[in-house]
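Colleague: I have a structure I would like to understand better, so I am pasting it below and will then ask my questions one at a time.
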Amino acid sequence: MIEKLTLTGPADLLAYIPHLLGGTPTDSFVVLTATAGALGATLRVDAPMDAAPLGFAQTVTSLAAQDENATASYLIVYTDETGDDDRFPYAAHVAALGNELATARMPVRKVYLVTSTCWAAYGTTERYPLSQITDSNANATLTFMGSAATVDVYNPALLGKWVEPVQVPVLTEEAVEQARQEWDTALEAPGTPETETARKLAAWFQVPHLRDVLMAETITTNNGSILDLLRGKFDGRPDWKRVDHAEVVAFELMKVVPEGQRAPMLTLMGWLQWLKGSGTHADRYLKLAAEDIPDYRLAVLLRELIVTDHIAEVTKNRETAYRRPIS
């Protein structure tokens, strides 16, 4: 496993973004924060369209500023819109955002433009083929490491429809203790659980209280209430390898239950992605959870939290944040 990937040029930087977001953005502004030669948080927002430049810039900057350690930033504009001379789409918004980010002490190092056919340094006439991004060292390395720049995170058809539902267990003190022990065993053991064990774990997740307890047990540094934990408020650095494995196990659990019983695991995966700092992936999983069980309450509440907070507390601190192999 590569612990660190050095980005040597703009093509590498642009290749990194689809891997992080799960696809190439469209009609979007992406801000990457940075400090001491390393990338920090990633923020994607819809292109401003008719939004006033200053208001748009202030909103985006207030979100980017949640990375309190950032000392610089990069801005990438994804659009097929054109400016007056085909070089400056959203020129007023880019200028305003540059001013606001500089005022927030995270000046923009570079601005890039990416369209459906090419990429360029923003404001210049020279255009480069998108193949430079797909053929970049960063894209090749990340793909080799198992990342996919564009992937459907969940496809019910691939998981099968002819699976018997699991029986929802009765909530007792003994059930809570057994569920905790079996979940911990699944997260500490290599590989994924056998079908019988997976169905038992999936059944535990169908009970809201047990689901919350198991989500809390995933984060070993928790020293507060379950409610605080779900809000991302806890001390210490999580065991991120355990978190990574929890996502793998959760996906396996979805394979042994039918549609209509997968929402708890999708919610867990969305929550863990949020803690890792990937709001885009988190929102996608949580939306899918609310589709698997219409208006699944925890998924709806977590999506609202992401919309208002965007970045979990654990992500704001570099000592506790999930470290991606990128610098």
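Labeling convention for the structure tokens: chains A, B, ... as they appear, residues from 1 per chain, ligands from 1 in order of appearance.
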Please provide the set of residues having any atom within 8 Å of segment 277-291 of chain A, restricted to only C-alpha atoms, with same-chain residues fewer than 2 positions apart removed, written as a VMD selection string.
Modeller: chain A and resid 20 to 22 41 to 42 44 153 to 154 262 to 264 266 to 267 269 to 275 293 to 297 299 to 300 302 to 303 306 310 to 312 315 321 to 322
Colleague: Quick one: which segment 217-310 of chain A residues come within 10 Å of segment 171-185 of chain A, and what is the nearest atom pair for each with the distance in Å to one decimal, counting only C-alpha atoms, rows ordered by chain and ascending number, as a Markdown table?
Modeller:
```
| residue | atom | partner | partner_atom | distance |
| --- | --- | --- | --- | --- |
| A:Glu217 | CA | A:Arg180 | CA | 7.0 |
| A:Thr218 | CA | A:Asp184 | CA | 7.7 |
| A:Thr220 | CA | A:Asp184 | CA | 9.9 |
| A:Arg242 | CA | A:Asp184 | CA | 9.7 |
| A:Ala246 | CA | A:Trp183 | CA | 9.2 |
| A:Val249 | CA | A:Trp183 | CA | 9.6 |
```
Colleague: So how many Å separate atom CA of Val77 of chain A and atom CA of Ala138 of chain A, to one decimal?
Modeller: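 Separation between atom CA of Val77 of chain A and atom CA of Ala138 of chain A: 19.8 Å.
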Colleague: Going by DSSP on the backbone, which bits of segment 61-105 of chain A are strand (DSSP E or B)? Write them as a count of residues only, please.
Modeller: 7
Colleague: What residues in segment 183-300 of chain A get the DSSP label alpha helix (DSSP H)? Please answer as a PyMOL selection string.
Modeller: chain A and resi 183-188+195-205+208-218+226-230+240-254+263-276+279-292+297-300
Colleague: For segment 103-114 of chain A, please output as a VMD selection string all residues within 7 Å (counting only C-alpha atoms; exclusion window: fewer than 3 positions along the same chain).
Modeller: chain A and resid 70 to 79 98 to 100 118 to 122
Colleague: Quick check, in Å to one decimal: how far apart do atom CA of Glu313 of chain A and atom CA of Gly232 of chain A lie?
Modeller: 5.8 Å
Colleague: Just want the 12 Å neighbourhood of Glu164 of chain A, counted on only C-alpha atoms, with same-chain residues fewer than 6 positions away dropped. Output as JSON, numbers by chain.
Modeller: {"A": [199, 203, 254, 255, 256, 257, 258, 259, 260, 261]}
Colleague: Have a look at A:Ala64, A:Leu39, A:Ala47, A:Ala95 and name the one nearest to Leu7 of chain A; count only C-alpha atoms.
Modeller: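 Looking only at the distances to Leu7 of chain A, the closest residue turns out to be A:Leu39.
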Colleague: Fewer than 3 positions away in the same chain doesn't count, so skip those; otherwise give me all residues within 7 Å of Ser136 of chain A, counting only C-alpha atoms, as an MDAnalysis selection string.
Modeller: chainID A and resid 11:12 132:133 139:140
Colleague: What does the structure give for the distance between atom CA of Val45 of chain A and atom CA of Thr61 of chain A, in Å to one decimal?
Modeller: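 Interatomic distance here is 11.1 Å.
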Colleague: Give me the residues near Arg211 of chain A as a list in words, where near means some atom within 10 Å (using only C-alpha atoms) and where sequence neighbours in that chain fewer than 2 positions away do not count.
Modeller: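 Residues meeting the cut-off are Val176, Ala179, Leu201, Ala202, Ala203, Trp204, Phe205, Gln206, Val207, Pro208, His209, Val213, Leu214, Met215, Ala216, Glu217, Pro264, Met265, Thr267 and Leu268 of chain A.
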